>>> print(open('model-v9.txt').read())   # compact mmCIF, C-alpha atoms and all ligand atoms
# COMPACT_ATOMS: atom_id res chain seq x y z
CA MET A 709 183.49 55.29 157.51
CA SER A 710 185.14 58.42 156.18
CA VAL A 711 184.65 59.67 152.63
CA PRO A 712 187.22 62.01 151.08
CA PHE A 713 186.05 65.04 149.11
CA LEU A 714 188.38 64.06 146.30
CA ASP A 715 190.96 61.41 145.47
CA VAL A 716 193.11 61.88 142.36
CA ARG A 717 195.17 58.70 142.69
CA ILE A 718 195.05 56.38 139.69
CA LYS A 719 193.07 53.34 140.78
CA ASN A 720 192.64 51.55 137.45
CA PRO A 721 195.56 49.05 137.11
CA ASP A 722 195.43 49.08 133.30
CA VAL A 723 195.63 52.88 133.14
CA ARG A 724 198.40 52.84 135.73
CA SER A 725 200.53 50.37 133.81
CA ARG A 726 200.01 52.20 130.51
CA ILE A 727 201.05 55.48 132.11
CA ASP A 728 204.07 53.83 133.73
CA ARG A 729 205.11 52.47 130.34
CA ALA A 730 204.55 55.74 128.46
CA LEU A 731 206.55 57.71 131.05
CA GLY A 732 209.30 55.10 130.97
CA ASP A 733 209.54 55.41 127.19
CA LEU A 734 209.74 59.20 127.37
CA ILE A 735 212.50 59.01 129.97
CA THR A 736 214.42 56.59 127.76
CA ASP A 737 213.95 58.80 124.69
CA ALA A 738 214.61 61.98 126.71
CA SER A 739 211.89 63.72 124.70
CA TYR A 740 210.56 66.05 127.35
CA ILE A 741 209.22 69.01 125.40
CA GLY A 742 207.00 68.77 122.32
CA GLY A 743 207.25 65.70 120.12
CA LYS A 744 204.91 62.87 119.29
CA GLU A 745 203.03 62.66 122.59
CA VAL A 746 202.05 66.33 122.51
CA GLN A 747 200.93 66.06 118.89
CA LEU A 748 198.93 62.89 119.51
CA PHE A 749 197.13 64.29 122.53
CA SER A 750 196.41 67.60 120.90
CA GLU A 751 194.90 65.85 117.85
CA SER A 752 192.74 63.56 119.94
CA PHE A 753 191.55 66.28 122.31
CA GLY A 754 190.57 68.62 119.46
CA ALA A 755 188.67 65.79 117.77
CA TYR A 756 186.98 64.91 121.08
CA CYS A 757 185.74 68.50 121.47
CA GLY A 758 183.37 68.54 118.51
CA GLY A 759 186.01 68.12 115.83
CA GLY A 760 188.01 71.25 116.59
CA LYS A 761 191.74 71.76 116.51
CA CYS A 762 193.71 72.07 119.73
CA VAL A 763 196.83 73.88 120.92
CA THR A 764 198.19 72.54 124.20
CA LEU A 765 199.57 74.96 126.80
CA ALA A 766 201.14 75.04 130.25
CA ASN A 767 197.88 75.58 132.18
CA GLY A 768 194.30 76.79 131.93
CA THR A 769 195.04 80.33 133.06
CA ASP A 770 197.50 80.75 130.17
CA ALA A 771 194.85 79.32 127.84
CA LEU A 772 192.51 82.18 128.80
CA ILE A 773 195.22 84.87 128.61
CA LEU A 774 196.57 83.71 125.24
CA ALA A 775 193.07 83.24 123.80
CA LEU A 776 192.21 86.86 124.60
CA LYS A 777 195.54 88.14 123.28
CA ALA A 778 195.20 86.09 120.09
CA LEU A 779 191.81 87.71 119.52
CA GLY A 780 193.53 91.09 119.70
CA ILE A 781 191.94 92.07 123.00
CA GLY A 782 193.93 94.57 125.03
CA PRO A 783 193.98 98.01 126.63
CA GLY A 784 190.77 100.00 126.15
CA ASP A 785 188.70 96.86 125.61
CA GLU A 786 186.15 95.43 127.98
CA VAL A 787 185.48 91.73 128.54
CA ILE A 788 182.28 90.50 130.17
CA THR A 789 182.24 87.55 132.55
CA VAL A 790 180.65 86.38 135.80
CA PRO A 791 181.76 87.05 139.39
CA PHE A 792 180.88 83.49 140.41
CA THR A 793 183.92 81.63 139.05
CA PHE A 794 187.56 80.93 139.85
CA ILE A 795 189.75 84.05 139.72
CA ALA A 796 191.74 82.73 136.70
CA THR A 797 188.84 83.81 134.46
CA THR A 798 189.24 87.47 135.41
CA GLU A 799 193.02 87.41 135.90
CA ALA A 800 193.23 86.60 132.20
CA ILE A 801 191.23 89.71 131.29
CA THR A 802 193.54 91.90 133.36
CA HIS A 803 196.73 90.24 132.09
CA ALA A 804 195.53 90.75 128.52
CA GLY A 805 195.33 94.46 129.40
CA ALA A 806 191.53 94.73 129.14
CA SER A 807 189.00 95.65 131.80
CA ILE A 808 186.56 93.35 133.56
CA ARG A 809 182.82 93.83 133.38
CA PHE A 810 180.74 91.49 135.52
CA VAL A 811 177.24 90.17 134.96
CA ASP A 812 175.48 88.03 137.55
CA VAL A 813 174.70 84.33 137.17
CA ASN A 814 171.38 82.59 136.77
CA PRO A 815 170.13 81.37 140.19
CA LYS A 816 169.28 77.89 138.86
CA THR A 817 172.21 77.01 136.58
CA TYR A 818 174.91 79.23 138.19
CA THR A 819 176.07 80.24 134.71
CA MET A 820 175.90 83.63 132.97
CA ASP A 821 172.49 85.33 133.16
CA VAL A 822 171.54 86.16 129.58
CA GLU A 823 169.20 89.05 130.42
CA GLU A 824 171.93 90.66 132.53
CA LEU A 825 174.37 90.16 129.68
CA LYS A 826 172.14 92.07 127.25
CA ARG A 827 172.14 95.05 129.60
CA ALA A 828 175.89 94.95 130.24
CA VAL A 829 177.26 95.21 126.69
CA THR A 830 178.80 98.62 125.95
CA SER A 831 180.57 100.12 122.94
CA ARG A 832 183.91 99.04 124.49
CA THR A 833 182.90 95.41 124.94
CA LYS A 834 185.00 93.09 122.76
CA ALA A 835 184.40 89.63 124.21
CA ILE A 836 182.26 87.51 126.49
CA ILE A 837 183.63 84.70 128.64
CA PRO A 838 180.82 82.35 129.69
CA VAL A 839 182.03 79.87 132.31
CA HIS A 840 180.71 76.30 132.14
CA LEU A 841 180.62 76.15 135.92
CA PHE A 842 180.85 72.90 137.91
CA GLY A 843 180.48 70.89 134.67
CA GLN A 844 177.32 72.51 133.32
CA PRO A 845 177.50 74.51 130.07
CA ALA A 846 176.32 78.11 130.03
CA ASP A 847 173.25 78.82 127.87
CA MET A 848 175.30 79.35 124.72
CA ASP A 849 172.71 80.04 121.98
CA PRO A 850 171.40 83.35 123.36
CA ILE A 851 174.97 84.34 124.30
CA LEU A 852 176.13 83.61 120.74
CA ASP A 853 173.15 85.58 119.36
CA ILE A 854 174.07 88.64 121.41
CA ALA A 855 177.72 88.24 120.38
CA LYS A 856 176.79 88.05 116.72
CA GLU A 857 174.53 91.08 116.89
CA ARG A 858 177.11 93.18 118.76
CA LYS A 859 180.16 91.71 116.93
CA LEU A 860 181.79 90.26 120.05
CA TYR A 861 184.04 87.25 120.49
CA VAL A 862 182.90 84.37 122.68
CA VAL A 863 185.62 82.62 124.70
CA GLU A 864 184.37 79.53 126.53
CA ASP A 865 185.91 78.92 129.96
CA ALA A 866 185.59 75.15 129.81
CA ALA A 867 188.12 74.42 132.57
CA GLN A 868 185.46 72.56 134.57
CA ALA A 869 183.52 70.97 131.75
CA HIS A 870 185.55 68.51 129.60
CA GLY A 871 182.96 66.40 127.79
CA ALA A 872 179.90 68.42 128.86
CA GLU A 873 177.30 68.99 126.15
CA TYR A 874 175.08 71.88 125.11
CA LYS A 875 172.08 70.73 123.03
CA GLY A 876 173.98 67.57 122.14
CA ARG A 877 177.22 69.34 121.17
CA ARG A 878 180.36 69.10 123.26
CA VAL A 879 181.73 72.27 124.80
CA GLY A 880 184.97 73.46 123.22
CA THR A 881 183.72 74.36 119.77
CA LEU A 882 180.61 76.38 120.62
CA GLY A 883 182.21 79.85 120.59
CA ASP A 884 185.25 81.35 118.85
CA ILE A 885 187.73 79.60 121.12
CA ALA A 886 187.54 77.50 124.28
CA CYS A 887 189.96 77.24 127.18
CA PHE A 888 190.63 74.07 129.16
CA SER A 889 192.65 73.26 132.26
CA PHE A 890 194.15 69.85 133.03
CA TYR A 891 194.90 70.65 136.66
CA PRO A 892 194.87 67.28 138.48
CA THR A 893 191.39 67.72 140.01
CA LYS A 894 189.63 68.62 136.74
CA ASN A 895 187.48 66.05 134.90
CA LEU A 896 190.48 65.41 132.66
CA GLY A 897 193.49 65.90 134.92
CA ALA A 898 197.23 65.65 134.33
CA MET A 899 199.89 64.80 136.92
CA GLY A 900 200.79 68.45 137.23
CA ASP A 901 199.70 71.55 135.37
CA GLY A 902 198.36 71.56 131.84
CA GLY A 903 195.98 73.47 129.62
CA ALA A 904 194.73 73.85 126.06
CA VAL A 905 192.66 75.95 123.71
CA VAL A 906 190.30 74.45 121.15
CA SER A 907 188.79 76.19 118.15
CA HIS A 908 187.59 75.73 114.58
CA SER A 909 189.68 78.72 113.51
CA GLU A 910 193.18 77.79 112.33
CA GLU A 911 194.02 81.49 112.26
CA ILE A 912 193.25 82.08 115.94
CA LEU A 913 195.01 78.86 116.93
CA ALA A 914 198.14 79.78 114.98
CA LYS A 915 198.27 83.05 116.94
CA VAL A 916 197.89 81.24 120.25
CA ALA A 917 200.62 78.75 119.27
CA ARG A 918 202.99 81.56 118.32
CA LEU A 919 202.28 83.50 121.53
CA ALA A 920 202.87 80.34 123.57
CA ASP A 921 206.29 79.80 122.02
CA HIS A 922 208.10 83.14 122.29
CA GLY A 923 206.47 84.61 119.21
CA ARG A 924 208.56 82.30 117.07
CA ALA A 925 208.01 81.97 113.35
CA ASP A 926 211.26 80.00 113.19
CA ARG A 927 213.78 78.85 115.77
CA TYR A 928 215.44 82.25 116.29
CA PHE A 929 213.11 84.43 114.26
CA HIS A 930 210.50 86.16 116.39
CA THR A 931 207.66 88.15 114.86
CA LEU A 932 206.43 89.28 118.28
CA GLU A 933 207.11 88.89 121.99
CA GLY A 934 205.33 85.89 123.39
CA PHE A 935 205.43 83.64 126.40
CA ASN A 936 206.75 80.24 127.36
CA SER A 937 203.59 78.18 127.81
CA ARG A 938 204.04 74.60 126.69
CA LEU A 939 202.47 71.36 127.82
CA ASP A 940 205.30 68.93 128.44
CA ALA A 941 205.44 65.51 126.84
CA LEU A 942 205.05 63.65 130.15
CA GLN A 943 201.73 65.39 130.84
CA ALA A 944 200.59 64.89 127.24
CA ALA A 945 201.22 61.13 127.54
CA VAL A 946 199.20 60.95 130.78
CA LEU A 947 196.37 62.98 129.25
CA ARG A 948 196.26 60.93 126.05
CA ILE A 949 195.80 57.74 128.06
CA LYS A 950 193.24 59.29 130.44
CA LEU A 951 191.24 60.89 127.60
CA GLU A 952 190.22 57.42 126.41
CA ARG A 953 188.33 56.94 129.66
CA LEU A 954 186.95 60.47 130.04
CA ASP A 955 183.44 59.54 128.89
CA ALA A 956 183.31 56.57 131.27
CA MET A 957 184.58 58.79 134.11
CA ASN A 958 181.98 61.45 133.36
CA GLU A 959 179.26 58.76 133.25
CA ARG A 960 180.29 57.60 136.70
CA ARG A 961 180.11 61.20 137.97
CA ARG A 962 176.60 61.51 136.51
CA GLN A 963 175.55 58.24 138.14
CA ILE A 964 176.82 59.43 141.55
CA ALA A 965 174.92 62.71 141.03
CA GLU A 966 171.75 60.76 140.23
CA THR A 967 172.13 58.76 143.45
CA TYR A 968 172.64 61.94 145.51
CA ASN A 969 169.57 63.50 143.83
CA LYS A 970 167.44 60.53 144.91
CA ALA A 971 168.71 60.77 148.48
CA LEU A 972 167.61 64.41 148.56
CA ILE A 973 164.03 63.89 147.36
CA ASN A 974 162.49 64.20 150.83
CA GLN A 975 165.21 66.40 152.31
CA SER A 976 163.62 69.84 152.65
CA PHE A 977 166.77 71.55 154.00
CA ILE A 978 169.02 70.72 151.04
CA THR A 979 168.38 71.56 147.38
CA PRO A 980 170.12 69.43 144.73
CA PRO A 981 171.76 71.12 141.72
CA ALA A 982 169.49 71.97 138.78
CA VAL A 983 170.39 70.59 135.38
CA ALA A 984 169.27 72.80 132.49
CA SER A 985 167.14 71.11 129.81
CA TYR A 986 169.81 71.95 127.21
CA ALA A 987 172.67 70.48 129.24
CA LYS A 988 174.58 67.30 129.67
CA HIS A 989 176.14 68.08 133.04
CA VAL A 990 179.45 66.34 133.83
CA PHE A 991 179.55 67.23 137.53
CA HIS A 992 183.05 68.52 137.97
CA LEU A 993 181.48 69.45 141.31
CA TYR A 994 178.16 68.39 142.81
CA CYS A 995 177.02 71.48 144.71
CA VAL A 996 173.89 71.57 146.85
CA GLU A 997 172.24 74.68 148.27
CA SER A 998 171.06 75.10 151.84
CA SER A 999 169.95 77.98 154.06
CA HIS A 1000 171.78 76.04 156.77
CA ARG A 1001 175.00 75.64 154.79
CA ASP A 1002 177.45 76.19 157.63
CA GLN A 1003 175.58 73.72 159.85
CA LEU A 1004 175.48 71.19 157.03
CA GLN A 1005 179.20 71.60 156.45
CA ALA A 1006 180.00 71.07 160.16
CA TYR A 1007 177.63 68.10 160.25
CA LEU A 1008 179.35 66.40 157.31
CA GLN A 1009 182.80 67.18 158.69
CA ASP A 1010 181.78 65.58 162.03
CA ARG A 1011 180.97 62.45 160.06
CA LYS A 1012 184.32 62.62 158.25
CA ILE A 1013 182.64 63.34 154.92
CA GLY A 1014 184.68 65.75 152.82
CA CYS A 1015 182.96 68.86 151.48
CA GLY A 1016 183.94 72.34 150.33
CA VAL A 1017 182.64 75.79 149.48
CA TYR A 1018 183.02 76.89 145.84
CA TYR A 1019 183.20 79.83 145.99
CA PRO A 1020 183.01 81.50 149.40
CA ILE A 1021 183.62 85.06 148.13
CA PRO A 1022 182.39 86.19 144.70
CA LEU A 1023 185.12 87.88 142.69
CA HIS A 1024 183.69 91.42 142.84
CA LEU A 1025 184.11 91.33 146.65
CA GLN A 1026 187.67 89.97 146.62
CA PRO A 1027 190.38 92.33 147.93
CA ALA A 1028 192.17 91.82 144.59
CA TYR A 1029 189.31 93.71 142.91
CA ALA A 1030 188.88 96.49 145.46
CA ARG A 1031 190.05 98.86 142.69
CA LEU A 1032 186.86 98.14 140.76
CA GLY A 1033 184.89 99.73 143.60
CA LEU A 1034 182.09 97.16 143.41
CA LYS A 1035 179.88 96.84 146.49
CA ARG A 1036 177.95 94.04 148.15
CA GLY A 1037 174.48 93.99 146.63
CA GLY A 1038 175.76 94.49 143.09
CA PHE A 1039 175.52 90.82 142.10
CA PRO A 1040 172.93 89.38 144.49
CA VAL A 1041 172.70 85.88 142.99
CA SER A 1042 176.45 85.28 143.21
CA GLU A 1043 176.48 86.73 146.73
CA SER A 1044 173.64 84.54 147.92
CA LEU A 1045 175.16 81.42 146.32
CA SER A 1046 178.45 82.02 148.10
CA GLU A 1047 176.54 81.74 151.40
CA ARG A 1048 174.32 78.81 150.46
CA ILE A 1049 176.41 76.48 148.34
CA LEU A 1050 178.27 73.34 149.40
CA ALA A 1051 180.13 70.80 147.25
CA LEU A 1052 179.82 67.12 148.23
CA PRO A 1053 182.34 64.34 147.54
CA MET A 1054 182.54 63.75 143.77
CA PHE A 1055 185.19 61.77 141.92
CA PRO A 1056 184.84 58.83 139.52
CA ASP A 1057 186.64 56.34 141.76
CA MET A 1058 184.20 56.80 144.66
CA THR A 1059 182.98 53.38 145.75
CA ASP A 1060 179.31 52.52 146.08
CA ASP A 1061 179.92 52.37 149.85
CA ASP A 1062 181.29 55.94 149.77
CA VAL A 1063 178.20 57.12 147.91
CA ARG A 1064 175.87 55.27 150.31
CA THR A 1065 177.59 56.83 153.33
CA VAL A 1066 177.09 60.33 151.92
CA CYS A 1067 173.44 59.60 151.02
CA GLU A 1068 172.63 58.30 154.49
CA ALA A 1069 174.14 61.39 156.08
CA LEU A 1070 172.23 63.69 153.70
CA ARG A 1071 168.90 61.98 154.48
CA ALA A 1072 169.47 62.26 158.23
CA PHE A 1073 170.45 65.94 158.26
CA SER A 1074 168.26 68.37 160.08
CA PRO A 1075 169.42 71.78 161.25
CA ALA A 1076 169.48 72.46 164.98
CA VAL A 1077 166.77 74.95 165.91
CA LEU A 1078 168.45 78.12 167.02
CA SER A 1079 166.69 80.11 169.70
C1 LIG A 1101 190.85 75.60 137.01
C2 LIG A 1101 190.21 76.76 136.37
C3 LIG A 1101 190.93 77.67 135.57
C4 LIG A 1101 192.43 77.72 135.51
O1 LIG A 1101 193.10 76.61 135.19
P1 LIG A 1101 194.61 76.35 135.69
O2 LIG A 1101 195.03 75.18 134.88
O3 LIG A 1101 194.54 76.05 137.16
O4 LIG A 1101 195.42 77.56 135.41
C5 LIG A 1101 190.22 78.65 134.89
N1 LIG A 1101 188.88 78.76 135.01
C6 LIG A 1101 188.17 77.94 135.80
C7 LIG A 1101 186.68 78.12 135.87
C8 LIG A 1101 188.80 76.93 136.52
O5 LIG A 1101 188.07 76.13 137.31
>>> encode(input="model-v9.txt", output="structure tokens", more="lines below")
Ligand SMILES: *Cc1c(COP(=O)(O)O)cnc(C)c1O
Amino acid sequence: MSVPFLDVRIKNPDVRSRIDRALGDLITDASYIGGKEVQLFSESFGAYCGGGKCVTLANGTDALILALKALGIGPGDEVITVPFTFIATTEAITHAGASIRFVDVNPKTYTMDVEELKRAVTSRTKAIIPVHLFGQPADMDPILDIAKERKLYVVEDAAQAHGAEYKGRRVGTLGDIACFSFYPTKNLGAMGDGGAVVSHSEEILAKVARLADHGRADRYFHTLEGFNSRLDALQAAVLRIKLERLDAMNERRRQIAETYNKALINQSFITPPAVASYAKHVFHLYCVESSHRDQLQAYLQDRKIGCGVYYPIPLHLQPAYARLGLKRGGFPVSESLSERILALPMFPDMTDDDVRTVCEALRAFSPAVLS
């Protein structure tokens, strides 16, 4: 039996019929941009994320760019983040006009290493972007302490962590502003692109909203040059309906993770992901580590079990960042993870049979002895 890595089709008949109806209504009303659906979703998503307010946007990359710009970050400023993330995190720093400063990740949690962060702050540093990678929050308290002491902004990259918790509080309202993506594969996914920022600060959100809508204060009165970055009404309707089931979906992901963990108890060649004591992990991805990663990947592929490497090349070694002049060896944890990590099938609609098939394969894996 084959098991896909991911399946984003809508399997729940109730959700499907509600989405069909909502889209039908929007087509009838021809309200494609803005309007009630966008307002409703933005209110419910902000409330969901620890009672913050939300501004919806065209995608998660824009959320990061506009968040930095709204905080006044630009040329001459430095923003600290990790090299073990998706490139959107650092693209945003560059597009805001600031420069990237990397700190390595913690080898257990794969999120920002706090000791490294302390050493990396300079007089030009203006903000820190911790990434809640694979669904696990970064260790926010020490990061917030450092930020407070050095007067830095904290921008959460929560694109992979809708509903994850840090010490019982949902991500999204832990720092100054948080950035979300609703790309179809994310824990809360649209039927196309989508994004949002969440914050407790009305002032910062008003700036993001203005930047996202051509710097408009009024229809044809522009106080600055902005962008066109809107979430359309069709996506907002889909997201509003799917948000109601996000907690149930995340619970199912956590249950699948628990089952994988059990299958790995006596498997000495594969290490399951560590969950920090402070974290409620929502398993956007379930990534194992193995010294025999490539063999494990080929083995699973032979058995028609989907898997993938996130991320095969840490950002500091990407050709796009050759200009930074960073060498292999600079961020050893990220480098080693990129050679050891493998993501297993993980999506809420996986059947128990799917999960069992993966578990049986994991138990039976043993690397060929190479002479
Ligand atoms: C998906 C993702 C983004 C970007 O979101 P888009 O909606 O694809 O632009 C940013 N950061 C991380 C960590 C992501 O996984």
>>> residues_around(input="model-v9.txt", residues="stretch 731-743 of chain A", least_positions_apart="4", cutoff="9 Å", atoms="only C-alpha atoms", output="number ranges by chain")
A: 726-727, 747-748, 938-942, 944-946
>>> residues_near_ligand(input="model-v9.txt", ligand="ligand LIG 1101 (chain A)", cutoff="9 Å", atoms="all atoms listed in the file", output="NGL selection string")
:A and (766-772 or 793-798 or 800 or 839-842 or 865-869 or 887-894 or 901-904)
>>> write_last_selection(input="model-v9.txt", atoms="C-alpha atoms", output="PDB file, keeping the file's coordinate frame")
ATOM      1  CA  ALA A 766     201.140  75.040 130.250  1.00  0.00           C
ATOM      2  CA  ASN A 767     197.880  75.580 132.180  1.00  0.00           C
ATOM      3  CA  GLY A 768     194.300  76.790 131.930  1.00  0.00           C
ATOM      4  CA  THR A 769     195.040  80.330 133.060  1.00  0.00           C
ATOM      5  CA  ASP A 770     197.500  80.750 130.170  1.00  0.00           C
ATOM      6  CA  ALA A 771     194.850  79.320 127.840  1.00  0.00           C
ATOM      7  CA  LEU A 772     192.510  82.180 128.800  1.00  0.00           C
ATOM      8  CA  THR A 793     183.920  81.630 139.050  1.00  0.00           C
ATOM      9  CA  PHE A 794     187.560  80.930 139.850  1.00  0.00           C
ATOM     10  CA  ILE A 795     189.750  84.050 139.720  1.00  0.00           C
ATOM     11  CA  ALA A 796     191.740  82.730 136.700  1.00  0.00           C
ATOM     12  CA  THR A 797     188.840  83.810 134.460  1.00  0.00           C
ATOM     13  CA  THR A 798     189.240  87.470 135.410  1.00  0.00           C
ATOM     14  CA  ALA A 800     193.230  86.600 132.200  1.00  0.00           C
ATOM     15  CA  VAL A 839     182.030  79.870 132.310  1.00  0.00           C
ATOM     16  CA  HIS A 840     180.710  76.300 132.140  1.00  0.00           C
ATOM     17  CA  LEU A 841     180.620  76.150 135.920  1.00  0.00           C
ATOM     18  CA  PHE A 842     180.850  72.900 137.910  1.00  0.00           C
ATOM     19  CA  ASP A 865     185.910  78.920 129.960  1.00  0.00           C
ATOM     20  CA  ALA A 866     185.590  75.150 129.810  1.00  0.00           C
ATOM     21  CA  ALA A 867     188.120  74.420 132.570  1.00  0.00           C
ATOM     22  CA  GLN A 868     185.460  72.560 134.570  1.00  0.00           C
ATOM     23  CA  ALA A 869     183.520  70.970 131.750  1.00  0.00           C
ATOM     24  CA  CYS A 887     189.960  77.240 127.180  1.00  0.00           C
ATOM     25  CA  PHE A 888     190.630  74.070 129.160  1.00  0.00           C
ATOM     26  CA  SER A 889     192.650  73.260 132.260  1.00  0.00           C
ATOM     27  CA  PHE A 890     194.150  69.850 133.030  1.00  0.00           C
ATOM     28  CA  TYR A 891     194.900  70.650 136.660  1.00  0.00           C
ATOM     29  CA  PRO A 892     194.870  67.280 138.480  1.00  0.00           C
ATOM     30  CA  THR A 893     191.390  67.720 140.010  1.00  0.00           C
ATOM     31  CA  LYS A 894     189.630  68.620 136.740  1.00  0.00           C
ATOM     32  CA  ASP A 901     199.700  71.550 135.370  1.00  0.00           C
ATOM     33  CA  GLY A 902     198.360  71.560 131.840  1.00  0.00           C
ATOM     34  CA  GLY A 903     195.980  73.470 129.620  1.00  0.00           C
ATOM     35  CA  ALA A 904     194.730  73.850 126.060  1.00  0.00           C
TER      36      ALA A 904
END
>>> residues_near_point(input="model-v9.txt", point="(172.9, 85.9, 137.9)", cutoff="7 Å", atoms="only C-alpha atoms", output="ChimeraX atom specification")
/A:811-815,818,820-821,1039,1041-1042
>>> residues_around(input="model-v9.txt", residues="A:Arg961", least_positions_apart="5", cutoff="7 Å", atoms="all atoms listed in the file", output="ChimeraX atom specification")
/A:990-991,1054-1056
>>> write_last_selection(input="model-v9.txt", atoms="C-alpha atoms", output="mmCIF file, in the coordinates of the input")
data_model
loop_
_atom_site.group_PDB
_atom_site.id
_atom_site.type_symbol
_atom_site.label_atom_id
_atom_site.label_comp_id
_atom_site.auth_asym_id
_atom_site.auth_seq_id
_atom_site.Cartn_x
_atom_site.Cartn_y
_atom_site.Cartn_z
ATOM 1 C CA VAL A 990 179.450 66.340 133.830
ATOM 2 C CA PHE A 991 179.550 67.230 137.530
ATOM 3 C CA MET A 1054 182.540 63.750 143.770
ATOM 4 C CA PHE A 1055 185.190 61.770 141.920
ATOM 5 C CA PRO A 1056 184.840 58.830 139.520
#
>>> closest_residue(input="model-v9.txt", among="A:Ile949, A:Ala1051, A:Cys1067, A:Ala1006", to="A:Arg724", atoms="all atoms listed in the file")
A:Ile949
>>> atom_distance(input="model-v9.txt", atom1="atom CA of A:Asp849", atom2="atom CA of A:Glu799")
25.7 Å
>>> closest_residue(input="model-v9.txt", among="A:Phe1073, A:Lys816, A:Tyr1019, A:Ile854", to="A:Ala982", atoms="only C-alpha atoms")
A:Lys816
>>> atom_distance(input="model-v9.txt", atom1="atom CA of A:Leu1045", atom2="atom CA of A:Thr881")
28.8 Å
>>> residues_around(input="model-v9.txt", residues="A:Gly1037", least_positions_apart="5", cutoff="12 Å", atoms="all atoms listed in the file", output="PyMOL selection string")
chain A and resi 812+1022+1024-1025+1042-1044
>>> closest_residue(input="model-v9.txt", among="A:Ile964, A:Val862, A:Ala1030, A:Leu1008", to="A:Pro712", atoms="all atoms listed in the file")
A:Leu1008
>>> residues_near_point(input="model-v9.txt", point="(180.6, 60.4, 154.2)", cutoff="10 Å", atoms="all atoms listed in the file", output="PyMOL selection string")
chain A and resi 709-713+1008-1015+1052-1053+1061-1070
>>> atom_distance(input="model-v9.txt", atom1="atom CA of A:Arg927", atom2="atom CA of A:Ile781")
26.5 Å
>>> closest_residue(input="model-v9.txt", among="A:Pro981, A:Gly883, A:Gly782, A:Pro1040", to="A:Ala846", atoms="only C-alpha atoms")
A:Gly883
>>> residues_around(input="model-v9.txt", residues="A:Lys834", least_positions_apart="4", cutoff="9 Å", atoms="all atoms listed in the file", output="ChimeraX atom specification")
/A:781,785-788,829-830,858-862
>>> axis_aligned_box(input="model-v9.txt", around="stretch 746-765 of chain A", padding_each_side="6 Å", output="AutoDock Vina command-line options")
--center_x 192.7 --center_y 68.9 --center_z 121.3 --size_x 30.7 --size_y 24.1 --size_z 23.0
>>> decode(input="model-v9.txt", residues="stretch 813-822 of chain A", atoms="N, CA, C and O atoms", output="mmCIF file, in the first residue's frame")
data_model
loop_
_atom_site.group_PDB
_atom_site.id
_atom_site.type_symbol
_atom_site.label_atom_id
_atom_site.label_comp_id
_atom_site.auth_asym_id
_atom_site.auth_seq_id
_atom_site.Cartn_x
_atom_site.Cartn_y
_atom_site.Cartn_z
ATOM 1 N N VAL A 813 20.772 26.995 15.026
ATOM 2 C CA VAL A 813 19.619 26.478 15.769
ATOM 3 C C VAL A 813 20.078 25.503 16.848
ATOM 4 O O VAL A 813 21.195 24.985 16.806
ATOM 5 N N ASN A 814 19.181 25.269 17.784
ATOM 6 C CA ASN A 814 19.419 24.301 18.840
ATOM 7 C C ASN A 814 19.306 22.887 18.244
ATOM 8 O O ASN A 814 18.380 22.619 17.497
ATOM 9 N N PRO A 815 20.259 21.996 18.567
ATOM 10 C CA PRO A 815 20.260 20.672 17.917
ATOM 11 C C PRO A 815 19.056 19.798 18.285
ATOM 12 O O PRO A 815 18.745 18.845 17.578
ATOM 13 N N LYS A 816 18.382 20.100 19.385
ATOM 14 C CA LYS A 816 17.232 19.275 19.790
ATOM 15 C C LYS A 816 15.923 19.821 19.200
ATOM 16 O O LYS A 816 15.135 19.075 18.652
ATOM 17 N N THR A 817 15.707 21.125 19.342
ATOM 18 C CA THR A 817 14.409 21.698 18.951
ATOM 19 C C THR A 817 14.403 22.264 17.532
ATOM 20 O O THR A 817 13.339 22.563 17.003
ATOM 21 N N TYR A 818 15.581 22.442 16.937
ATOM 22 C CA TYR A 818 15.732 23.011 15.585
ATOM 23 C C TYR A 818 15.300 24.478 15.514
ATOM 24 O O TYR A 818 15.127 25.018 14.426
ATOM 25 N N THR A 819 15.083 25.109 16.651
ATOM 26 C CA THR A 819 14.729 26.531 16.640
ATOM 27 C C THR A 819 15.914 27.342 17.192
ATOM 28 O O THR A 819 16.881 26.771 17.702
ATOM 29 N N MET A 820 15.823 28.658 17.099
ATOM 30 C CA MET A 820 16.916 29.561 17.417
ATOM 31 C C MET A 820 17.655 29.214 18.714
ATOM 32 O O MET A 820 17.032 29.070 19.763
ATOM 33 N N ASP A 821 18.975 29.123 18.635
ATOM 34 C CA ASP A 821 19.798 28.847 19.808
ATOM 35 C C ASP A 821 20.002 30.148 20.590
ATOM 36 O O ASP A 821 20.572 31.114 20.088
ATOM 37 N N VAL A 822 19.521 30.156 21.823
ATOM 38 C CA VAL A 822 19.486 31.390 22.601
ATOM 39 C C VAL A 822 20.888 31.879 22.978
ATOM 40 O O VAL A 822 21.151 33.085 22.981
#
